Amino acid sequence: HSFCTLLRKPSHSMAVGKQSKKGKRSKKKVVEAMGRKEWYDVVAPANFKNRQFTKTICNKTQGLKIAADNLKGRVFEVNQADLDNGNNKDQPFRKVKYVAQEVQGRNVLTQFHSLSLTTDKVSSLLRKWCTLIEAPIEAKTADGYVLRLFVIAFSTKTGGQLTKNCYANRRLEKWVRFR
């Protein structure tokens, strides 16, 4: 053997009839994501001045995936002041949630889901040296709906009280919770 043949790498031979795996791989077709979307108007129940309060986006109906089924069950949150177009000071801190019930054309019809207060309003209600009483209550309406209410109560100073605290007795707390 000569010196040149020793430095050459041995050539790998493949079996007869086999092909190398270096072939062209099929590339996925690039489709713009927003091209597959549709916009829908979210409509609040009829007892508000401003019924259309937001828009939502959803994939278009494609095969067995129907857009209306994708929208049903979504929960939307809005301030009560935005629905009433009012400047009432009692409304901006109330957050109302609505759940999508049905789709009519490009409108998503909603139903009441829950109501809550903003965190800054709740923290402004809390005070030191007083008792905070919280109680969950379930109430059934005449038409069969069950409402779960979370009640918050605070103890207050009586007229002419000199001590700085106004704590409630445990007995009074239990009485308020189980009423």
# chains A, B, ... in the order shown; residues from 1 in each chain; ligands from 1
>>> residues_around(residues="Lys55 (chain A)", least_positions_apart="6", cutoff="12 Å", atoms="only C-alpha atoms", output="PyMOL selection string")
chain A and resi 38-44+71+76-78+106-109
>>> residues_around(residues="region 137-139 of chain A", least_positions_apart="5", cutoff="6 Å", atoms="only C-alpha atoms", output="list of chain:residue names")
A:Val146, A:Leu147, A:Arg148, A:Leu149
>>> write_last_selection(atoms="C-alpha atoms", output="PDB file, in the first residue's frame")
ATOM      1  CA  VAL A 146     -79.478  29.056  42.425  1.00  0.00           C
ATOM      2  CA  LEU A 147     -77.550  32.176  43.418  1.00  0.00           C
ATOM      3  CA  ARG A 148     -74.415  31.868  45.519  1.00  0.00           C
ATOM      4  CA  LEU A 149     -73.751  35.098  47.401  1.00  0.00           C
TER       5      LEU A 149
END
>>> closest_atom_pairs(of="region 125-151 of chain A", to="region 159-170 of chain A", cutoff="6 Å", atoms="only C-alpha atoms", output="CSV")
residue,atom,partner,partner_atom,distance
A:Trp129,CA,A:Asn165,CA,4.6
A:Cys130,CA,A:Cys166,CA,5.0
A:Thr131,CA,A:Tyr167,CA,5.0
>>> select_by_dssp(residues="chain A", states="alpha helix (DSSP H)", output="PyMOL selection string")
chain A and resi 3-7+67-71+80-84+119-125+170-177
>>> write_last_selection(atoms="C-alpha atoms", output="short mmCIF file (atom, residue, chain, number, x, y, z; two decimals), in the first residue's frame")
data_model
loop_
_atom_site.label_atom_id
_atom_site.label_comp_id
_atom_site.auth_asym_id
_atom_site.auth_seq_id
_atom_site.Cartn_x
_atom_site.Cartn_y
_atom_site.Cartn_z
CA PHE A 3 1.07 6.34 1.70
CA CYS A 4 -1.79 8.08 -0.17
CA THR A 5 -4.17 5.19 0.13
CA LEU A 6 -3.75 4.99 3.90
CA LEU A 7 -4.85 8.63 4.41
CA ALA A 67 -67.17 28.37 15.21
CA ALA A 68 -70.39 28.71 17.27
CA ASP A 69 -69.44 25.70 19.40
CA ASN A 70 -66.02 27.23 20.04
CA LEU A 71 -67.62 30.48 21.27
CA GLN A 80 -71.00 47.94 35.00
CA ALA A 81 -70.31 51.62 34.23
CA ASP A 82 -69.33 50.67 30.65
CA LEU A 83 -72.71 48.99 30.15
CA ASP A 84 -74.82 51.82 31.59
CA THR A 119 -59.60 44.52 44.47
CA ASP A 120 -59.00 48.22 45.20
CA LYS A 121 -62.61 48.67 46.32
CA VAL A 122 -62.48 45.62 48.63
CA SER A 123 -59.19 46.79 50.14
CA SER A 124 -60.65 50.27 50.74
CA LEU A 125 -63.50 48.69 52.75
CA ARG A 170 -67.46 34.94 68.31
CA ARG A 171 -71.11 34.32 69.19
CA LEU A 172 -72.15 37.34 67.10
CA GLU A 173 -69.95 36.21 64.19
CA LYS A 174 -71.56 32.75 64.18
CA TRP A 175 -75.00 34.32 64.43
CA VAL A 176 -74.33 36.49 61.35
CA ARG A 177 -72.81 33.60 59.35
#
>>> residues_around(residues="Arg127 (chain A)", least_positions_apart="5", cutoff="10 Å", atoms="only C-alpha atoms", output="MDAnalysis selection string")
chainID A and resid 132 154:156
>>> write_last_selection(atoms="N, CA, C and O atoms", output="mmCIF file, in the first residue's frame")
data_model
loop_
_atom_site.group_PDB
_atom_site.id
_atom_site.type_symbol
_atom_site.label_atom_id
_atom_site.label_comp_id
_atom_site.auth_asym_id
_atom_site.auth_seq_id
_atom_site.Cartn_x
_atom_site.Cartn_y
_atom_site.Cartn_z
ATOM 1 N N LEU A 132 -63.987 41.443 60.511
ATOM 2 C CA LEU A 132 -64.488 41.161 59.165
ATOM 3 C C LEU A 132 -65.201 39.815 59.220
ATOM 4 O O LEU A 132 -64.623 38.818 59.651
ATOM 5 N N PHE A 154 -68.856 44.108 58.312
ATOM 6 C CA PHE A 154 -67.829 44.712 59.156
ATOM 7 C C PHE A 154 -68.469 45.182 60.446
ATOM 8 O O PHE A 154 -69.615 45.647 60.446
ATOM 9 N N SER A 155 -67.737 45.079 61.526
ATOM 10 C CA SER A 155 -68.228 45.635 62.789
ATOM 11 C C SER A 155 -67.849 47.116 62.838
ATOM 12 O O SER A 155 -66.828 47.531 62.292
ATOM 13 N N THR A 156 -68.693 47.920 63.475
ATOM 14 C CA THR A 156 -68.450 49.368 63.561
ATOM 15 C C THR A 156 -68.493 49.803 65.025
ATOM 16 O O THR A 156 -69.042 49.108 65.884
#
>>> atom_distance(atom1="CA of Ser26 (chain A)", atom2="CA of Cys58 (chain A)")
29.0 Å
>>> select_by_dssp(residues="region 73-173 of chain A", states="strand (DSSP E)", output="PDB file with N, CA, C and O atoms, in the first residue's frame")
ATOM      1  N   VAL A  75     -66.380  33.227  28.888  1.00  0.00           N
ATOM      2  CA  VAL A  75     -66.811  34.181  29.905  1.00  0.00           C
ATOM      3  C   VAL A  75     -66.155  35.527  29.615  1.00  0.00           C
ATOM      4  O   VAL A  75     -64.943  35.607  29.411  1.00  0.00           O
ATOM      5  N   PHE A  76     -66.972  36.586  29.575  1.00  0.00           N
ATOM      6  CA  PHE A  76     -66.498  37.942  29.291  1.00  0.00           C
ATOM      7  C   PHE A  76     -66.722  38.813  30.515  1.00  0.00           C
ATOM      8  O   PHE A  76     -67.766  38.741  31.156  1.00  0.00           O
ATOM      9  N   GLU A  77     -65.743  39.661  30.824  1.00  0.00           N
ATOM     10  CA  GLU A  77     -65.807  40.516  32.006  1.00  0.00           C
ATOM     11  C   GLU A  77     -65.860  41.972  31.574  1.00  0.00           C
ATOM     12  O   GLU A  77     -65.105  42.391  30.685  1.00  0.00           O
ATOM     13  N   VAL A  78     -66.751  42.751  32.203  1.00  0.00           N
ATOM     14  CA  VAL A  78     -66.911  44.162  31.852  1.00  0.00           C
ATOM     15  C   VAL A  78     -67.311  44.932  33.104  1.00  0.00           C
ATOM     16  O   VAL A  78     -67.909  44.375  34.024  1.00  0.00           O
ATOM     17  N   ASN A  79     -66.949  46.214  33.169  1.00  0.00           N
ATOM     18  CA  ASN A  79     -67.390  47.066  34.273  1.00  0.00           C
ATOM     19  C   ASN A  79     -68.840  47.466  34.051  1.00  0.00           C
ATOM     20  O   ASN A  79     -69.253  47.714  32.914  1.00  0.00           O
ATOM     21  N   ARG A  94     -67.725  47.724  40.074  1.00  0.00           N
ATOM     22  CA  ARG A  94     -68.450  46.454  39.934  1.00  0.00           C
ATOM     23  C   ARG A  94     -68.052  45.775  38.632  1.00  0.00           C
ATOM     24  O   ARG A  94     -68.258  46.328  37.550  1.00  0.00           O
ATOM     25  N   LYS A  95     -67.526  44.569  38.735  1.00  0.00           N
ATOM     26  CA  LYS A  95     -67.155  43.788  37.556  1.00  0.00           C
ATOM     27  C   LYS A  95     -68.248  42.748  37.311  1.00  0.00           C
ATOM     28  O   LYS A  95     -68.541  41.939  38.185  1.00  0.00           O
ATOM     29  N   VAL A  96     -68.836  42.796  36.134  1.00  0.00           N
ATOM     30  CA  VAL A  96     -69.899  41.860  35.783  1.00  0.00           C
ATOM     31  C   VAL A  96     -69.342  40.879  34.766  1.00  0.00           C
ATOM     32  O   VAL A  96     -68.673  41.278  33.809  1.00  0.00           O
ATOM     33  N   LYS A  97     -69.599  39.589  34.971  1.00  0.00           N
ATOM     34  CA  LYS A  97     -69.152  38.572  34.025  1.00  0.00           C
ATOM     35  C   LYS A  97     -70.368  37.986  33.328  1.00  0.00           C
ATOM     36  O   LYS A  97     -71.401  37.743  33.961  1.00  0.00           O
ATOM     37  N   TYR A  98     -70.235  37.783  32.028  1.00  0.00           N
ATOM     38  CA  TYR A  98     -71.286  37.179  31.220  1.00  0.00           C
ATOM     39  C   TYR A  98     -70.728  35.955  30.514  1.00  0.00           C
ATOM     40  O   TYR A  98     -69.571  35.942  30.109  1.00  0.00           O
ATOM     41  N   VAL A  99     -71.565  34.940  30.346  1.00  0.00           N
ATOM     42  CA  VAL A  99     -71.162  33.721  29.663  1.00  0.00           C
ATOM     43  C   VAL A  99     -71.907  33.651  28.330  1.00  0.00           C
ATOM     44  O   VAL A  99     -73.090  33.990  28.254  1.00  0.00           O
ATOM     45  N   ALA A 100     -71.206  33.248  27.265  1.00  0.00           N
ATOM     46  CA  ALA A 100     -71.802  33.153  25.936  1.00  0.00           C
ATOM     47  C   ALA A 100     -72.767  31.975  25.885  1.00  0.00           C
ATOM     48  O   ALA A 100     -72.393  30.849  26.212  1.00  0.00           O
ATOM     49  N   GLN A 101     -74.009  32.233  25.469  1.00  0.00           N
ATOM     50  CA  GLN A 101     -75.038  31.197  25.419  1.00  0.00           C
ATOM     51  C   GLN A 101     -75.321  30.729  23.998  1.00  0.00           C
ATOM     52  O   GLN A 101     -75.447  29.548  23.750  1.00  0.00           O
ATOM     53  N   GLU A 102     -75.441  31.690  23.064  1.00  0.00           N
ATOM     54  CA  GLU A 102     -75.725  31.289  21.680  1.00  0.00           C
ATOM     55  C   GLU A 102     -75.167  32.317  20.714  1.00  0.00           C
ATOM     56  O   GLU A 102     -74.864  33.450  21.092  1.00  0.00           O
ATOM     57  N   VAL A 103     -75.029  31.907  19.459  1.00  0.00           N
ATOM     58  CA  VAL A 103     -74.474  32.764  18.414  1.00  0.00           C
ATOM     59  C   VAL A 103     -75.539  32.966  17.349  1.00  0.00           C
ATOM     60  O   VAL A 103     -76.101  32.003  16.838  1.00  0.00           O
ATOM     61  N   GLN A 104     -75.826  34.254  17.034  1.00  0.00           N
ATOM     62  CA  GLN A 104     -76.768  34.585  15.970  1.00  0.00           C
ATOM     63  C   GLN A 104     -76.033  35.457  14.963  1.00  0.00           C
ATOM     64  O   GLN A 104     -75.780  36.626  15.221  1.00  0.00           O
ATOM     65  N   ASN A 107     -73.261  37.958  16.090  1.00  0.00           N
ATOM     66  CA  ASN A 107     -73.498  38.400  17.463  1.00  0.00           C
ATOM     67  C   ASN A 107     -73.452  37.205  18.413  1.00  0.00           C
ATOM     68  O   ASN A 107     -74.043  36.164  18.145  1.00  0.00           O
ATOM     69  N   VAL A 108     -72.762  37.381  19.526  1.00  0.00           N
ATOM     70  CA  VAL A 108     -72.702  36.365  20.576  1.00  0.00           C
ATOM     71  C   VAL A 108     -73.603  36.841  21.705  1.00  0.00           C
ATOM     72  O   VAL A 108     -73.339  37.864  22.321  1.00  0.00           O
ATOM     73  N   LEU A 109     -74.704  36.117  21.958  1.00  0.00           N
ATOM     74  CA  LEU A 109     -75.646  36.493  23.003  1.00  0.00           C
ATOM     75  C   LEU A 109     -75.184  35.902  24.330  1.00  0.00           C
ATOM     76  O   LEU A 109     -74.780  34.741  24.402  1.00  0.00           O
ATOM     77  N   THR A 110     -75.241  36.718  25.382  1.00  0.00           N
ATOM     78  CA  THR A 110     -74.693  36.315  26.669  1.00  0.00           C
ATOM     79  C   THR A 110     -75.761  36.295  27.750  1.00  0.00           C
ATOM     80  O   THR A 110     -76.851  36.840  27.580  1.00  0.00           O
ATOM     81  N   GLN A 111     -75.412  35.676  28.864  1.00  0.00           N
ATOM     82  CA  GLN A 111     -76.273  35.600  30.036  1.00  0.00           C
ATOM     83  C   GLN A 111     -75.418  35.898  31.255  1.00  0.00           C
ATOM     84  O   GLN A 111     -74.213  35.637  31.256  1.00  0.00           O
ATOM     85  N   PHE A 112     -76.042  36.415  32.313  1.00  0.00           N
ATOM     86  CA  PHE A 112     -75.320  36.776  33.532  1.00  0.00           C
ATOM     87  C   PHE A 112     -74.586  35.562  34.100  1.00  0.00           C
ATOM     88  O   PHE A 112     -75.134  34.472  34.169  1.00  0.00           O
ATOM     89  N   HIS A 113     -73.336  35.773  34.507  1.00  0.00           N
ATOM     90  CA  HIS A 113     -72.531  34.704  35.089  1.00  0.00           C
ATOM     91  C   HIS A 113     -72.174  35.019  36.543  1.00  0.00           C
ATOM     92  O   HIS A 113     -72.417  34.218  37.423  1.00  0.00           O
ATOM     93  N   SER A 114     -71.596  36.204  36.798  1.00  0.00           N
ATOM     94  CA  SER A 114     -71.249  36.573  38.173  1.00  0.00           C
ATOM     95  C   SER A 114     -70.994  38.070  38.274  1.00  0.00           C
ATOM     96  O   SER A 114     -70.840  38.758  37.265  1.00  0.00           O
ATOM     97  N   LEU A 115     -70.964  38.548  39.505  1.00  0.00           N
ATOM     98  CA  LEU A 115     -70.673  39.944  39.793  1.00  0.00           C
ATOM     99  C   LEU A 115     -69.667  39.980  40.922  1.00  0.00           C
ATOM    100  O   LEU A 115     -69.797  39.225  41.895  1.00  0.00           O
ATOM    101  N   SER A 116     -68.659  40.822  40.799  1.00  0.00           N
ATOM    102  CA  SER A 116     -67.655  40.931  41.855  1.00  0.00           C
ATOM    103  C   SER A 116     -67.184  42.373  41.954  1.00  0.00           C
ATOM    104  O   SER A 116     -67.494  43.198  41.095  1.00  0.00           O
ATOM    105  N   LEU A 117     -66.444  42.656  43.004  1.00  0.00           N
ATOM    106  CA  LEU A 117     -65.885  43.990  43.209  1.00  0.00           C
ATOM    107  C   LEU A 117     -64.410  43.982  42.834  1.00  0.00           C
ATOM    108  O   LEU A 117     -63.751  42.950  42.931  1.00  0.00           O
ATOM    109  N   LEU A 132     -63.987  41.443  60.511  1.00  0.00           N
ATOM    110  CA  LEU A 132     -64.488  41.161  59.165  1.00  0.00           C
ATOM    111  C   LEU A 132     -65.201  39.815  59.220  1.00  0.00           C
ATOM    112  O   LEU A 132     -64.623  38.818  59.651  1.00  0.00           O
ATOM    113  N   ILE A 133     -66.454  39.798  58.774  1.00  0.00           N
ATOM    114  CA  ILE A 133     -67.235  38.559  58.769  1.00  0.00           C
ATOM    115  C   ILE A 133     -67.612  38.257  57.323  1.00  0.00           C
ATOM    116  O   ILE A 133     -68.224  39.083  56.652  1.00  0.00           O
ATOM    117  N   GLU A 134     -67.197  37.066  56.844  1.00  0.00           N
ATOM    118  CA  GLU A 134     -67.541  36.636  55.487  1.00  0.00           C
ATOM    119  C   GLU A 134     -68.370  35.363  55.575  1.00  0.00           C
ATOM    120  O   GLU A 134     -68.071  34.484  56.380  1.00  0.00           O
ATOM    121  N   ALA A 135     -69.400  35.283  54.710  1.00  0.00           N
ATOM    122  CA  ALA A 135     -70.259  34.099  54.740  1.00  0.00           C
ATOM    123  C   ALA A 135     -70.803  33.813  53.345  1.00  0.00           C
ATOM    124  O   ALA A 135     -71.321  34.719  52.688  1.00  0.00           O
ATOM    125  N   PRO A 136     -70.676  32.569  52.865  1.00  0.00           N
ATOM    126  CA  PRO A 136     -71.323  32.203  51.597  1.00  0.00           C
ATOM    127  C   PRO A 136     -72.774  31.797  51.846  1.00  0.00           C
ATOM    128  O   PRO A 136     -73.081  31.094  52.808  1.00  0.00           O
ATOM    129  N   ILE A 137     -73.670  32.266  50.974  1.00  0.00           N
ATOM    130  CA  ILE A 137     -75.095  31.960  51.107  1.00  0.00           C
ATOM    131  C   ILE A 137     -75.603  31.493  49.754  1.00  0.00           C
ATOM    132  O   ILE A 137     -75.296  32.103  48.723  1.00  0.00           O
ATOM    133  N   GLU A 138     -76.386  30.418  49.741  1.00  0.00           N
ATOM    134  CA  GLU A 138     -77.020  29.961  48.507  1.00  0.00           C
ATOM    135  C   GLU A 138     -78.502  30.258  48.591  1.00  0.00           C
ATOM    136  O   GLU A 138     -79.178  29.842  49.533  1.00  0.00           O
ATOM    137  N   ALA A 139     -79.008  30.982  47.586  1.00  0.00           N
ATOM    138  CA  ALA A 139     -80.423  31.345  47.552  1.00  0.00           C
ATOM    139  C   ALA A 139     -81.021  30.814  46.259  1.00  0.00           C
ATOM    140  O   ALA A 139     -80.409  30.913  45.196  1.00  0.00           O
ATOM    141  N   LYS A 140     -82.227  30.263  46.365  1.00  0.00           N
ATOM    142  CA  LYS A 140     -82.905  29.714  45.199  1.00  0.00           C
ATOM    143  C   LYS A 140     -84.024  30.674  44.800  1.00  0.00           C
ATOM    144  O   LYS A 140     -84.838  31.064  45.642  1.00  0.00           O
ATOM    145  N   VAL A 146     -80.134  29.048  41.116  1.00  0.00           N
ATOM    146  CA  VAL A 146     -79.478  29.056  42.425  1.00  0.00           C
ATOM    147  C   VAL A 146     -78.416  30.146  42.396  1.00  0.00           C
ATOM    148  O   VAL A 146     -77.516  30.131  41.557  1.00  0.00           O
ATOM    149  N   LEU A 147     -78.520  31.098  43.302  1.00  0.00           N
ATOM    150  CA  LEU A 147     -77.550  32.176  43.418  1.00  0.00           C
ATOM    151  C   LEU A 147     -76.654  31.900  44.612  1.00  0.00           C
ATOM    152  O   LEU A 147     -77.143  31.602  45.701  1.00  0.00           O
ATOM    153  N   ARG A 148     -75.359  31.997  44.419  1.00  0.00           N
ATOM    154  CA  ARG A 148     -74.415  31.868  45.519  1.00  0.00           C
ATOM    155  C   ARG A 148     -73.873  33.256  45.807  1.00  0.00           C
ATOM    156  O   ARG A 148     -73.228  33.875  44.965  1.00  0.00           O
ATOM    157  N   LEU A 149     -74.164  33.754  47.002  1.00  0.00           N
ATOM    158  CA  LEU A 149     -73.751  35.098  47.401  1.00  0.00           C
ATOM    159  C   LEU A 149     -72.634  34.981  48.434  1.00  0.00           C
ATOM    160  O   LEU A 149     -72.700  34.136  49.338  1.00  0.00           O
ATOM    161  N   PHE A 150     -71.642  35.844  48.315  1.00  0.00           N
ATOM    162  CA  PHE A 150     -70.568  35.915  49.293  1.00  0.00           C
ATOM    163  C   PHE A 150     -70.727  37.254  50.014  1.00  0.00           C
ATOM    164  O   PHE A 150     -70.421  38.308  49.456  1.00  0.00           O
ATOM    165  N   VAL A 151     -71.223  37.192  51.230  1.00  0.00           N
ATOM    166  CA  VAL A 151     -71.555  38.383  51.996  1.00  0.00           C
ATOM    167  C   VAL A 151     -70.352  38.800  52.822  1.00  0.00           C
ATOM    168  O   VAL A 151     -69.685  37.960  53.433  1.00  0.00           O
ATOM    169  N   ILE A 152     -70.097  40.110  52.848  1.00  0.00           N
ATOM    170  CA  ILE A 152     -69.016  40.671  53.667  1.00  0.00           C
ATOM    171  C   ILE A 152     -69.654  41.653  54.640  1.00  0.00           C
ATOM    172  O   ILE A 152     -70.408  42.529  54.228  1.00  0.00           O
ATOM    173  N   ALA A 153     -69.361  41.496  55.927  1.00  0.00           N
ATOM    174  CA  ALA A 153     -69.879  42.397  56.950  1.00  0.00           C
ATOM    175  C   ALA A 153     -68.723  42.891  57.811  1.00  0.00           C
ATOM    176  O   ALA A 153     -67.730  42.184  58.004  1.00  0.00           O
ATOM    177  N   PHE A 154     -68.856  44.108  58.312  1.00  0.00           N
ATOM    178  CA  PHE A 154     -67.829  44.712  59.156  1.00  0.00           C
ATOM    179  C   PHE A 154     -68.469  45.182  60.446  1.00  0.00           C
ATOM    180  O   PHE A 154     -69.615  45.647  60.446  1.00  0.00           O
TER     181      PHE A 154
END
